[in-house]
Each structure stands twice: as structure tokens, then as C-alpha cells.
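*Asks:* PDB, C-alpha atoms and all ligand atoms, file protein-v7.pdb:
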ATOM      1  CA  MET A1370      67.345 112.770 143.806
ATOM      2  CA  PRO A1371      68.049 109.094 142.984
ATOM      3  CA  THR A1372      68.810 108.430 139.340
ATOM      4  CA  ALA A1373      66.971 105.115 139.013
ATOM      5  CA  GLY A1374      65.729 104.462 135.477
ATOM      6  CA  GLN A1375      62.254 103.446 134.373
ATOM      7  CA  GLY A1376      62.281  99.710 135.019
ATOM      8  CA  GLU A1377      63.741  99.818 138.531
ATOM      9  CA  LEU A1378      61.511 102.458 140.077
ATOM     10  CA  ASP A1379      59.826 101.619 143.358
ATOM     11  CA  GLU A1380      56.895 103.329 145.009
ATOM     12  CA  THR A1381      59.025 105.464 147.349
ATOM     13  CA  THR A1382      61.107 106.819 144.485
ATOM     14  CA  VAL A1383      58.103 107.549 142.294
ATOM     15  CA  ARG A1384      56.417 109.422 145.152
ATOM     16  CA  ALA A1385      59.594 111.432 145.873
ATOM     17  CA  ARG A1386      60.016 112.330 142.206
ATOM     18  CA  LEU A1387      56.377 113.399 141.932
ATOM     19  CA  ARG A1388      56.697 115.541 145.042
ATOM     20  CA  ALA A1389      59.831 117.161 143.587
ATOM     21  CA  ALA A1390      58.034 117.785 140.273
ATOM     22  CA  HIS A1391      55.098 119.452 142.020
ATOM     23  CA  GLU A1392      57.518 121.578 144.059
ATOM     24  CA  ARG A1393      59.277 122.632 140.876
ATOM     25  CA  ILE A1394      55.943 123.683 139.352
ATOM     26  CA  GLU A1395      54.986 125.577 142.512
ATOM     27  CA  ARG A1396      58.322 127.398 142.632
ATOM     28  CA  ALA A1397      58.035 128.366 138.971
ATOM     29  CA  CYS A1398      54.499 129.676 139.542
ATOM     30  CA  ARG A1399      55.490 131.662 142.602
ATOM     31  CA  ALA A1400      58.465 133.182 140.740
ATOM     32  CA  CYS A1401      56.121 134.729 138.174
ATOM     33  CA  GLY A1402      53.122 135.445 140.376
ATOM     34  CA  ARG A1403      50.847 132.637 139.181
ATOM     35  CA  GLU A1404      48.601 130.344 141.198
ATOM     36  CA  PRO A1405      50.162 126.853 141.393
ATOM     37  CA  SER A1406      46.684 125.398 140.842
ATOM     38  CA  SER A1407      46.615 127.021 137.383
ATOM     39  CA  VAL A1408      49.192 124.534 136.066
ATOM     40  CA  ARG A1409      48.379 120.831 135.807
ATOM     41  CA  LEU A1410      50.921 118.029 135.558
ATOM     42  CA  LEU A1411      50.620 115.377 132.860
ATOM     43  CA  LEU A1412      53.002 112.414 132.950
ATOM     44  CA  ALA A1413      54.512 111.426 129.603
ATOM     45  CA  THR A1414      54.587 107.636 129.902
ATOM     46  CA  LYS A1415      56.225 106.495 126.665
ATOM     47  CA  THR A1416      58.372 103.369 127.210
ATOM     48  CA  VAL A1417      57.440 103.276 130.939
ATOM     49  CA  PRO A1418      56.097  99.869 132.060
ATOM     50  CA  ALA A1419      52.459  99.702 133.180
ATOM     51  CA  SER A1420      53.523  98.625 136.685
ATOM     52  CA  VAL A1421      55.527 101.835 137.171
ATOM     53  CA  ILE A1422      52.826 104.055 135.659
ATOM     54  CA  ALA A1423      50.377 102.471 138.104
ATOM     55  CA  LEU A1424      52.584 103.571 141.039
ATOM     56  CA  ALA A1425      52.315 107.178 139.847
ATOM     57  CA  VAL A1426      48.556 106.908 139.368
ATOM     58  CA  ARG A1427      48.159 105.458 142.864
ATOM     59  CA  ALA A1428      50.182 108.417 144.154
ATOM     60  CA  GLY A1429      47.567 110.740 142.638
ATOM     61  CA  SER A1430      48.841 111.469 139.120
ATOM     62  CA  THR A1431      45.825 110.740 136.978
ATOM     63  CA  LEU A1432      46.732 112.686 133.842
ATOM     64  CA  LEU A1433      48.789 110.533 131.486
ATOM     65  CA  GLY A1434      50.082 111.048 127.958
ATOM     66  CA  GLU A1435      51.090 108.375 125.452
ATOM     67  CA  ASN A1436      52.964 108.891 122.186
ATOM     68  CA  LYS A1437      52.289 105.628 120.415
ATOM     69  CA  VAL A1438      48.820 104.240 119.748
ATOM     70  CA  GLN A1439      50.004 100.658 120.146
ATOM     71  CA  GLU A1440      51.642 101.390 123.483
ATOM     72  CA  GLY A1441      48.567 103.146 124.836
ATOM     73  CA  LEU A1442      46.329 100.291 123.735
ATOM     74  CA  SER A1443      48.531  97.649 125.299
ATOM     75  CA  LYS A1444      49.129  99.439 128.635
ATOM     76  CA  HIS A1445      45.961 101.308 129.557
ATOM     77  CA  GLU A1446      43.909  98.420 130.906
ATOM     78  CA  GLU A1447      46.754  97.032 132.984
ATOM     79  CA  VAL A1448      47.465 100.455 134.480
ATOM     80  CA  GLU A1449      43.791 100.816 135.409
ATOM     81  CA  ARG A1450      43.660  97.343 136.904
ATOM     82  CA  LEU A1451      46.861  97.803 138.963
ATOM     83  CA  ALA A1452      46.054 101.336 140.092
ATOM     84  CA  GLY A1453      42.401 100.672 140.850
ATOM     85  CA  VAL A1454      41.380 104.010 139.388
ATOM     86  CA  ARG A1455      40.826 105.197 135.864
ATOM     87  CA  PRO A1456      43.340 107.861 134.816
ATOM     88  CA  SER A1457      42.711 110.306 131.990
ATOM     89  CA  TRP A1458      44.753 109.338 128.907
ATOM     90  CA  HIS A1459      45.869 112.002 126.501
ATOM     91  CA  PHE A1460      47.423 111.172 123.163
ATOM     92  CA  ILE A1461      50.494 113.385 122.667
ATOM     93  CA  GLY A1462      52.382 111.769 119.760
ATOM     94  CA  HIS A1463      52.188 111.983 115.999
ATOM     95  CA  LEU A1464      48.880 110.452 114.925
ATOM     96  CA  GLN A1465      48.584 108.627 111.617
ATOM     97  CA  THR A1466      45.135 108.762 110.048
ATOM     98  CA  ASN A1467      44.875 104.963 109.882
ATOM     99  CA  LYS A1468      45.260 104.770 113.686
ATOM    100  CA  VAL A1469      42.188 106.900 114.430
ATOM    101  CA  PRO A1470      39.855 104.024 115.424
ATOM    102  CA  GLU A1471      42.473 102.606 117.808
ATOM    103  CA  VAL A1472      43.403 105.885 119.478
ATOM    104  CA  LEU A1473      39.736 106.507 120.243
ATOM    105  CA  ARG A1474      39.640 103.265 122.207
ATOM    106  CA  PHE A1475      41.784 104.691 125.026
ATOM    107  CA  ALA A1476      42.371 108.435 124.663
ATOM    108  CA  GLN A1477      40.042 110.986 126.249
ATOM    109  CA  VAL A1478      41.982 113.921 124.810
ATOM    110  CA  ILE A1479      44.037 114.166 121.624
ATOM    111  CA  GLN A1480      46.684 116.869 121.954
ATOM    112  CA  SER A1481      48.283 116.380 118.550
ATOM    113  CA  VAL A1482      45.668 117.332 115.961
ATOM    114  CA  ASP A1483      47.757 119.195 113.410
ATOM    115  CA  ARG A1484      46.180 118.900 109.960
ATOM    116  CA  SER A1485      42.829 118.927 108.176
ATOM    117  CA  GLU A1486      43.147 115.418 106.853
ATOM    118  CA  LEU A1487      43.522 114.035 110.380
ATOM    119  CA  ALA A1488      40.695 116.198 111.717
ATOM    120  CA  ARG A1489      38.371 114.951 108.961
ATOM    121  CA  LYS A1490      39.204 111.313 109.763
ATOM    122  CA  LEU A1491      38.593 111.914 113.463
ATOM    123  CA  HIS A1492      35.320 113.657 112.709
ATOM    124  CA  ALA A1493      34.078 110.826 110.470
ATOM    125  CA  ARG A1494      34.898 108.198 113.086
ATOM    126  CA  LEU A1495      33.428 110.206 115.972
ATOM    127  CA  GLU A1496      30.218 110.739 114.018
ATOM    128  CA  ARG A1497      29.973 107.023 113.350
ATOM    129  CA  GLU A1498      30.455 106.291 117.048
ATOM    130  CA  GLY A1499      28.019 109.048 117.998
ATOM    131  CA  ARG A1500      30.423 110.780 120.348
ATOM    132  CA  SER A1501      32.691 113.781 120.736
ATOM    133  CA  ILE A1502      36.186 114.360 122.139
ATOM    134  CA  ASP A1503      38.385 117.129 123.514
ATOM    135  CA  VAL A1504      41.354 118.081 121.353
ATOM    136  CA  LEU A1505      44.307 120.442 121.314
ATOM    137  CA  ILE A1506      45.886 121.742 118.131
ATOM    138  CA  GLN A1507      49.599 120.987 117.929
ATOM    139  CA  VAL A1508      51.626 123.878 116.559
ATOM    140  CA  ASN A1509      55.223 123.707 115.390
ATOM    141  CA  THR A1510      56.548 126.838 117.064
ATOM    142  CA  SER A1511      60.239 126.027 116.772
ATOM    143  CA  GLY A1512      60.322 125.810 112.982
ATOM    144  CA  GLU A1513      62.305 122.563 113.131
ATOM    145  CA  ALA A1514      61.465 120.470 110.062
ATOM    146  CA  SER A1515      61.580 117.294 112.153
ATOM    147  CA  LYS A1516      58.708 118.435 114.351
ATOM    148  CA  HIS A1517      55.084 117.718 113.713
ATOM    149  CA  GLY A1518      52.457 120.361 114.242
ATOM    150  CA  CYS A1519      50.840 122.889 111.950
ATOM    151  CA  ALA A1520      52.632 126.090 111.040
ATOM    152  CA  PRO A1521      51.749 128.944 113.433
ATOM    153  CA  GLY A1522      50.004 130.861 110.651
ATOM    154  CA  GLN A1523      47.716 127.913 109.887
ATOM    155  CA  ALA A1524      46.520 127.330 113.437
ATOM    156  CA  PRO A1525      43.572 129.785 113.518
ATOM    157  CA  ALA A1526      42.073 128.405 110.281
ATOM    158  CA  LEU A1527      42.493 124.824 111.520
ATOM    159  CA  VAL A1528      40.731 125.685 114.781
ATOM    160  CA  ARG A1529      37.809 127.222 112.855
ATOM    161  CA  GLU A1530      37.576 124.258 110.519
ATOM    162  CA  ILE A1531      37.514 121.752 113.396
ATOM    163  CA  ALA A1532      35.024 123.774 115.421
ATOM    164  CA  ALA A1533      32.646 123.785 112.443
ATOM    165  CA  MET A1534      32.696 119.969 112.310
ATOM    166  CA  GLY A1535      30.944 119.758 115.665
ATOM    167  CA  THR A1536      32.459 116.545 117.080
ATOM    168  CA  MET A1537      35.627 117.991 118.626
ATOM    169  CA  ARG A1538      35.851 120.587 121.375
ATOM    170  CA  VAL A1539      39.038 122.602 120.834
ATOM    171  CA  MET A1540      40.358 123.205 124.359
ATOM    172  CA  GLY A1541      43.601 124.926 123.374
ATOM    173  CA  LEU A1542      47.028 124.452 121.849
ATOM    174  CA  MET A1543      50.054 122.218 122.330
ATOM    175  CA  THR A1544      53.692 122.598 121.330
ATOM    176  CA  ILE A1545      57.044 120.933 121.848
ATOM    177  CA  GLY A1546      59.679 123.514 122.709
ATOM    178  CA  LEU A1547      62.988 123.758 120.908
ATOM    179  CA  LEU A1548      64.829 120.635 122.070
ATOM    180  CA  GLY A1549      68.241 120.850 123.660
ATOM    181  CA  ALA A1550      67.847 124.617 123.938
ATOM    182  CA  THR A1551      68.634 126.978 126.772
ATOM    183  CA  PRO A1552      65.563 128.573 128.401
ATOM    184  CA  GLY A1553      66.316 131.780 126.512
ATOM    185  CA  GLU A1554      66.315 129.937 123.197
ATOM    186  CA  ALA A1555      63.108 128.041 123.995
ATOM    187  CA  ARG A1556      61.186 131.139 125.072
ATOM    188  CA  PRO A1557      60.229 132.714 121.698
ATOM    189  CA  GLY A1558      58.460 129.543 120.502
ATOM    190  CA  LEU A1559      56.577 129.129 123.779
ATOM    191  CA  ARG A1560      55.568 132.784 123.743
ATOM    192  CA  ARG A1561      54.365 132.397 120.171
ATOM    193  CA  LEU A1562      51.977 129.623 121.234
ATOM    194  CA  ARG A1563      50.423 131.870 123.847
ATOM    195  CA  GLU A1564      50.078 134.711 121.336
ATOM    196  CA  ILE A1565      48.271 132.439 118.861
ATOM    197  CA  ARG A1566      46.043 131.215 121.696
ATOM    198  CA  ASP A1567      45.148 134.777 122.693
ATOM    199  CA  ARG A1568      44.351 135.733 119.131
ATOM    200  CA  VAL A1569      42.105 132.711 118.535
ATOM    201  CA  ARG A1570      40.402 133.153 121.902
ATOM    202  CA  ASP A1571      39.522 136.722 120.946
ATOM    203  CA  GLU A1572      37.555 135.349 117.981
ATOM    204  CA  ALA A1573      35.181 133.654 120.487
ATOM    205  CA  ILE A1574      34.416 130.752 118.129
ATOM    206  CA  PRO A1575      31.511 128.595 119.378
ATOM    207  CA  GLY A1576      32.776 125.242 120.729
ATOM    208  CA  VAL A1577      36.316 126.579 121.227
ATOM    209  CA  SER A1578      37.526 127.358 124.750
ATOM    210  CA  MET A1579      41.272 127.930 124.236
ATOM    211  CA  ASP A1580      41.970 127.723 127.983
ATOM    212  CA  VAL A1581      44.634 125.024 127.698
ATOM    213  CA  LEU A1582      48.237 125.765 126.760
ATOM    214  CA  SER A1583      50.097 122.451 126.808
ATOM    215  CA  MET A1584      53.787 123.308 126.859
ATOM    216  CA  GLY A1585      56.802 122.674 129.070
ATOM    217  CA  MET A1586      58.717 119.413 129.503
ATOM    218  CA  SER A1587      61.427 118.285 131.938
ATOM    219  CA  GLY A1588      63.972 120.664 130.434
ATOM    220  CA  ASP A1589      61.912 123.833 129.975
ATOM    221  CA  LEU A1590      59.000 123.789 132.409
ATOM    222  CA  GLU A1591      60.029 126.984 134.230
ATOM    223  CA  VAL A1592      60.132 129.129 131.106
ATOM    224  CA  ALA A1593      56.926 127.477 129.830
ATOM    225  CA  ILE A1594      55.129 128.419 133.059
ATOM    226  CA  GLU A1595      56.449 131.972 132.812
ATOM    227  CA  GLU A1596      55.020 132.103 129.288
ATOM    228  CA  GLY A1597      51.593 130.921 130.396
ATOM    229  CA  SER A1598      51.553 127.113 130.270
ATOM    230  CA  THR A1599      48.534 125.515 131.956
ATOM    231  CA  LEU A1600      49.635 121.903 131.397
ATOM    232  CA  VAL A1601      53.220 120.673 131.626
ATOM    233  CA  ARG A1602      54.150 117.234 130.285
ATOM    234  CA  LEU A1603      56.905 115.517 132.251
ATOM    235  CA  GLY A1604      58.619 112.238 131.433
ATOM    236  CA  THR A1605      62.280 112.125 132.404
ATOM    237  CA  ALA A1606      61.866 114.283 135.520
ATOM    238  CA  VAL A1607      59.625 111.626 137.063
ATOM    239  CA  PHE A1608      60.494 108.327 135.381
ATOM    240  CA  GLY A1609      64.191 108.881 134.728
ATOM    241  CA  PRO A1610      66.007 108.619 131.410
ATOM    242  CA  ARG A1611      64.428 106.478 128.704
ATOM    243  CA  ALA A1612      66.367 103.390 127.624
TER     244      ALA A1612
HETATM  245  C1  LIG B   1      58.429 112.536 125.815
HETATM  246  C2  LIG B   1      57.533 113.701 125.719
HETATM  247  C3  LIG B   1      57.389 114.597 126.782
HETATM  248  C4  LIG B   1      58.204 114.504 128.062
HETATM  249  O1  LIG B   1      59.542 114.787 127.777
HETATM  250  P1  LIG B   1      60.646 114.819 128.963
HETATM  251  O2  LIG B   1      61.718 115.653 128.392
HETATM  252  O3  LIG B   1      61.042 113.398 129.171
HETATM  253  O4  LIG B   1      60.002 115.409 130.150
HETATM  254  C5  LIG B   1      56.482 115.632 126.639
HETATM  255  N1  LIG B   1      55.751 115.795 125.525
HETATM  256  C6  LIG B   1      55.860 114.962 124.468
HETATM  257  C7  LIG B   1      55.013 115.194 123.270
HETATM  258  C8  LIG B   1      56.756 113.901 124.535
HETATM  259  O5  LIG B   1      56.876 113.076 123.483
END
Represent the structure of the file as C-alpha cells.
Ligand SMILES: *Cc1c(COP(=O)(O)O)cnc(C)c1O
*Replies:*
Amino acid sequence: MPTAGQGELDETTVRARLRAAHERIERACRACGREPSSVRLLLATKTVPASVIALAVRAGSTLLGENKVQEGLSKHEEVERLAGVRPSWHFIGHLQTNKVPEVLRFAQVIQSVDRSELARKLHARLEREGRSIDVLIQVNTSGEASKHGCAPGQAPALVREIAAMGTMRVMGLMTIGLLGATPGEARPGLRRLREIRDRVRDEAIPGVSMDVLSMGMSGDLEVAIEEGSTLVRLGTAVFGPRA
């Protein structure tokens, strides 16, 4: 596979990288007896120029994730214009409460809801705008202090609290696996996310589906799929190393 970085990617390379990513997902599914169609691919587009993102969208990748509100705001219209189709933007980064109005201008899904205070701000704004949104609850499964996400033990209560608000549909959970870890080291955290999901799903809370498990990145997608991921988020594997 060519090692071209983000700025120098052409259409051929982007298509080849996407094909390789889909093959990797399919292989991982087959290895553990899952249907390849049960795992969706989201492209993590932080720092990637709109022109390159548009190549991926034109090649059929319409699920995108941004980490920074400002970056999503400044790139989404250009991507849509260049690609000629409207992708689905997920917000996957740490969300400050004062950025809630801006994030709602481009994101269709917020994967990083991790605290009551943020949920209340989202709810207030959504009510004012008379709309609702799909969210995932981000859980810190690795225990690293540097990671955002609620503690695993707090996740069920946060899901219940958000469901009671009525403006957010909780579709599932998201986590970032232990970074720089071997697959064996990453596995317990990923497994934990699935266990929390199963437990909350058993509660059958109205407005909560819990079908989505967003986990697995370029370094740990195979183990994430083995542990039940339904949505892998790839950056480096498709766009190359970030500058
Ligand atoms: C950057 C990022 C990814 C993708 O990471 P890669 O290792 O480049 O595949 C996935 N999820 C989140 C939340 C990210 O910030």
C-alpha cells in the first residue's frame, strides 16, 4: 500500500485504501463468524483537507466523523459541494458545552456525550430548535485519565437520564481503545463496552436502542470486531499519518 500522507492523496490511492479497509473489515468478520454487513465504516477526518474527504465520499464512504467543532463547521459544506452528495457527519471528539449550538449545525450524530452537564445543554438547545438527534454515550473503558468519556459504572444512569429528556435517541455506546496497546491489551476495555451495552439493552428503556457499538480504530479494528463492534472509525488506515 502506498504511504502517501493526507495532503497528497489522489483518487486512485483513496479508492485503493478504502478497498483495503473494507477487505480488512470483511476478513475480521469472517474470522469470527460475523456478517460483514453488520459492521459499518466511519472515516475519521480530522486534519484531512475537504478535497481529500470529498474523494472518499465520491467513492461511497458517506459516514464521516470530526473531532473539532470548528473543523467540521469549516469543511462540511465544501465536502458536500465537491462530492455532490450529502454525507452523514458524526461528532466524535470532546465536546465543550459552549460549542453545542455550532455542533448542531453540521452533526447528525454525536458520539461523545459523556456527562450530564453536556446532555442538559444539548437538550435545552434541541428543545429550542424543536428537533431531536441521535447520540452515543462515550465511555472511558481504558481507565486512562487523559481520556474523555464517563466511567463505566456511570453509563447506565447517564443513558436513563438522557432518555428521560426526550430530545436524544440513545443508539449505543462509543469508546476509544487503549492507545498504543497490543490487541490483547486492548481487548478487556472493548469487551467491557459490549458488556455495558448488553446490560443497558436488557433494561429496555423507551427511546434507547443500544444497537450501535462504536469501537475499533486503525490499530485495533480486528479485536474490536471480535468483541462486537458495529461501527469502526478509521483515520490513518485510509488517509495516512496525520501531520
Ligand atoms: C482519530 C480518531 C479515530 C481514528 O484513529 P486512527 O488511529 O487514525 O484510525 C477514531 N476515533 C476517534 C475518536 C479519533 O479521534
*Asks:* Selection in question (the file shown): the PyMOL selection byres (((not hetatm)) within 12 of (chain B and resi 1)). Which residues does it include, as number ranges by chain?
*Replies:* A: 1374-1375, 1390, 1410-1417, 1433-1437, 1459-1464, 1479-1481, 1507-1509, 1516-1518, 1543-1550, 1583-1590, 1600-1612
*Asks:* What's the separation between atom CA of Pro1557 of chain A and atom CA of Thr1510 of chain A, in Å to one decimal place?
*Replies:*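 Separation of atom CA of Pro1557 of chain A and atom CA of Thr1510 of chain A: 8.3 Å.
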*Asks:* Using only C-alpha atoms, which of A:Leu1424, A:Leu1491, A:Val1482, A:Ala1385 sits nearest Leu1542 of chain A?
*Replies:* A:Val1482
*Asks:* For Leu1378 of chain A, which residue among A:Gln1439, A:Thr1536, A:Ser1420, A:Thr1551 is the nearest when counting only C-alpha atoms?
*Replies:*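 Among the listed residues, the smallest separation from Leu1378 of chain A belongs to A:Ser1420.
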*Asks:* Might you spell out which residues the PyMOL selection byres (((chain A and resi 1428) around 9) and not hetatm) would select in the displayed file, as a list in words?
*Replies:*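 So the PyMOL selection byres (((chain A and resi 1428) around 9) and not hetatm), applied here, picks out Glu1380, Val1383, Arg1384, Leu1387, Ala1423, Leu1424, Ala1425, Val1426, Arg1427, Gly1429, Ser1430 and Thr1431 of chain A.
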